[in-house]
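Reviewing the structure listed below.
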Amino acid sequence: MSYDPNPIGPTSSDAHGTPDALHVHVMGTRAEPDTVYIVGKPRNGIVEVREIVGGCAPREYAADAGEMLARFERAQRERRRIGVELYAIRRWLQG
């Protein structure tokens with residue numbers, strides 16, 4: 001059986017083949033565990049987020065797209081590895 005890095009199974013896509021969610025893995029630090037963010041498409045500047053910290057149960061919430069971008073930019077400034085290019089994250093969150 002092959003390894004599936006997607007913790008919640010496949011996501012659907014729209015009629016144009018665009019995925020419904022962006023999966024972003026942010027590497028942890030000594031003080032924080034790794035985090036996986038599954039970010040929905042922005043609607044009126046708000047995104048639905050499913051956050052999985054250290055393999056624990058997911059937490060679901062709505063967040064401002066700008067706040068999520070700031071979170072990923074902060075992780076990059078802290079030199080944490082991010083599983084998706086920041087450019088792609090920016091494009092996703094800007095719709």
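Every chain in the structure tokens has a letter given in the order shown (A, B, ...), and although residue numbers restart at 1 in each chain, ligands are simply numbered from 1 in the order shown.
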Considering only C-alpha atoms, return as an MDAnalysis selection string whatever protein or nucleic-acid residues lie within 10 Å of region 88-92 of chain A, sequence-local ones (same chain, fewer than 6 positions apart) excluded. chainID A and resid 21:24 39:42 65:66 68:70 72:73
Could the residues in this selection be saved with N, CA and C atoms as a tab-separated table (two decimals), in the first residue's frame?
```tsv
chain	number	residue	atom	x	y	z
A	21	ALA	N	-9.40	23.13	-2.54
A	21	ALA	CA	-8.62	23.47	-1.36
A	21	ALA	C	-7.13	23.43	-1.67
A	22	LEU	N	-6.38	24.24	-0.96
A	22	LEU	CA	-4.93	24.26	-1.07
A	22	LEU	C	-4.38	23.62	0.20
A	23	HIS	N	-3.52	22.62	0.05
A	23	HIS	CA	-2.91	21.92	1.18
A	23	HIS	C	-1.53	22.49	1.40
A	24	VAL	N	-1.28	23.02	2.60
A	24	VAL	CA	0.00	23.64	2.92
A	24	VAL	C	0.56	22.99	4.19
A	39	VAL	N	-6.77	24.89	3.06
A	39	VAL	CA	-7.38	26.20	2.92
A	39	VAL	C	-8.34	26.20	1.74
A	40	GLY	N	-9.60	26.52	1.99
A	40	GLY	CA	-10.60	26.59	0.93
A	40	GLY	C	-10.42	27.83	0.07
A	41	LYS	N	-11.19	27.88	-1.00
A	41	LYS	CA	-11.16	29.04	-1.88
A	41	LYS	C	-11.70	30.27	-1.14
A	42	PRO	N	-11.07	31.42	-1.35
A	42	PRO	CA	-11.56	32.62	-0.67
A	42	PRO	C	-12.91	33.07	-1.21
A	65	ALA	N	-8.42	36.00	4.74
A	65	ALA	CA	-7.38	35.55	3.81
A	65	ALA	C	-6.07	36.31	4.05
A	66	GLY	N	-6.14	37.59	4.36
A	66	GLY	CA	-4.94	38.38	4.64
A	66	GLY	C	-4.21	37.89	5.89
A	68	MET	N	-4.27	34.80	7.01
A	68	MET	CA	-3.63	33.53	6.67
A	68	MET	C	-2.34	33.77	5.89
A	69	LEU	N	-2.36	34.72	4.96
A	69	LEU	CA	-1.15	35.04	4.21
A	69	LEU	C	-0.07	35.53	5.16
A	70	ALA	N	-0.42	36.38	6.09
A	70	ALA	CA	0.55	36.88	7.07
A	70	ALA	C	1.14	35.74	7.89
A	72	PHE	N	1.60	32.59	6.87
A	72	PHE	CA	2.55	31.87	6.03
A	72	PHE	C	3.81	32.70	5.78
A	73	GLU	N	3.66	34.00	5.61
A	73	GLU	CA	4.83	34.87	5.42
A	73	GLU	C	5.70	34.88	6.67
```
Sel. of helix (DSSP H, G or I) residues, chain A, as a PyMOL selection string: chain A and resi 65-77+86-93
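Of note, CA of Ala31 (chain A) and CA of Glu78 (chain A) are spaced 12.8 Å apart.
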Long-range neighbours of Ile46 (chain A) as JSON, numbers by chain, 7 Å cut-off, only C-alpha atoms, 2 positions minimum in chain: {"A": [42, 43, 44, 48, 62, 63, 64, 65]}
Could you write out the selected residues, including N, CA and C atoms, as a PDB file, in the first residue's frame?
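Okay, selection.pdb is ready:
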```pdb
ATOM      1  N   PRO A  42     -11.073  31.423  -1.349  1.00  0.00           N
ATOM      2  CA  PRO A  42     -11.562  32.624  -0.667  1.00  0.00           C
ATOM      3  C   PRO A  42     -12.913  33.073  -1.208  1.00  0.00           C
ATOM      4  N   ARG A  43     -13.758  33.509  -0.300  1.00  0.00           N
ATOM      5  CA  ARG A  43     -15.057  34.087  -0.644  1.00  0.00           C
ATOM      6  C   ARG A  43     -15.209  35.360   0.172  1.00  0.00           C
ATOM      7  N   ASN A  44     -15.234  36.497  -0.526  1.00  0.00           N
ATOM      8  CA  ASN A  44     -15.339  37.803   0.142  1.00  0.00           C
ATOM      9  C   ASN A  44     -14.232  37.999   1.172  1.00  0.00           C
ATOM     10  N   GLU A  48     -12.198  29.141   4.492  1.00  0.00           N
ATOM     11  CA  GLU A  48     -12.448  28.065   5.449  1.00  0.00           C
ATOM     12  C   GLU A  48     -11.129  27.313   5.609  1.00  0.00           C
ATOM     13  N   ALA A  62     -13.111  29.666  10.152  1.00  0.00           N
ATOM     14  CA  ALA A  62     -13.062  30.643   9.061  1.00  0.00           C
ATOM     15  C   ALA A  62     -12.039  31.700   9.450  1.00  0.00           C
ATOM     16  N   ALA A  63     -11.242  32.129   8.474  1.00  0.00           N
ATOM     17  CA  ALA A  63     -10.206  33.122   8.748  1.00  0.00           C
ATOM     18  C   ALA A  63     -10.140  34.141   7.613  1.00  0.00           C
ATOM     19  N   ASP A  64      -9.655  35.309   7.942  1.00  0.00           N
ATOM     20  CA  ASP A  64      -9.421  36.342   6.940  1.00  0.00           C
ATOM     21  C   ASP A  64      -8.257  35.890   6.054  1.00  0.00           C
ATOM     22  N   ALA A  65      -8.419  36.001   4.743  1.00  0.00           N
ATOM     23  CA  ALA A  65      -7.375  35.554   3.811  1.00  0.00           C
ATOM     24  C   ALA A  65      -6.067  36.305   4.053  1.00  0.00           C
TER      25      ALA A  65
END
```
Name the closest residue to Ile82 (chain A) among the candidates A:Arg59, A:His25, A:Arg30, A:Arg50; distances are taken between atoms, counting only C-alpha atoms.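 For Ile82 (chain A), the nearest of the candidates is A:His25.
CA of Gly95 (chain A) lies 29.5 Å from CA of Glu32 (chain A).
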DSSP on the backbone, then: every residue of chain A marked strand (DSSP E), written as a VMD selection string. chain A and resid 21 to 26 35 to 40 46 to 53 59 to 64
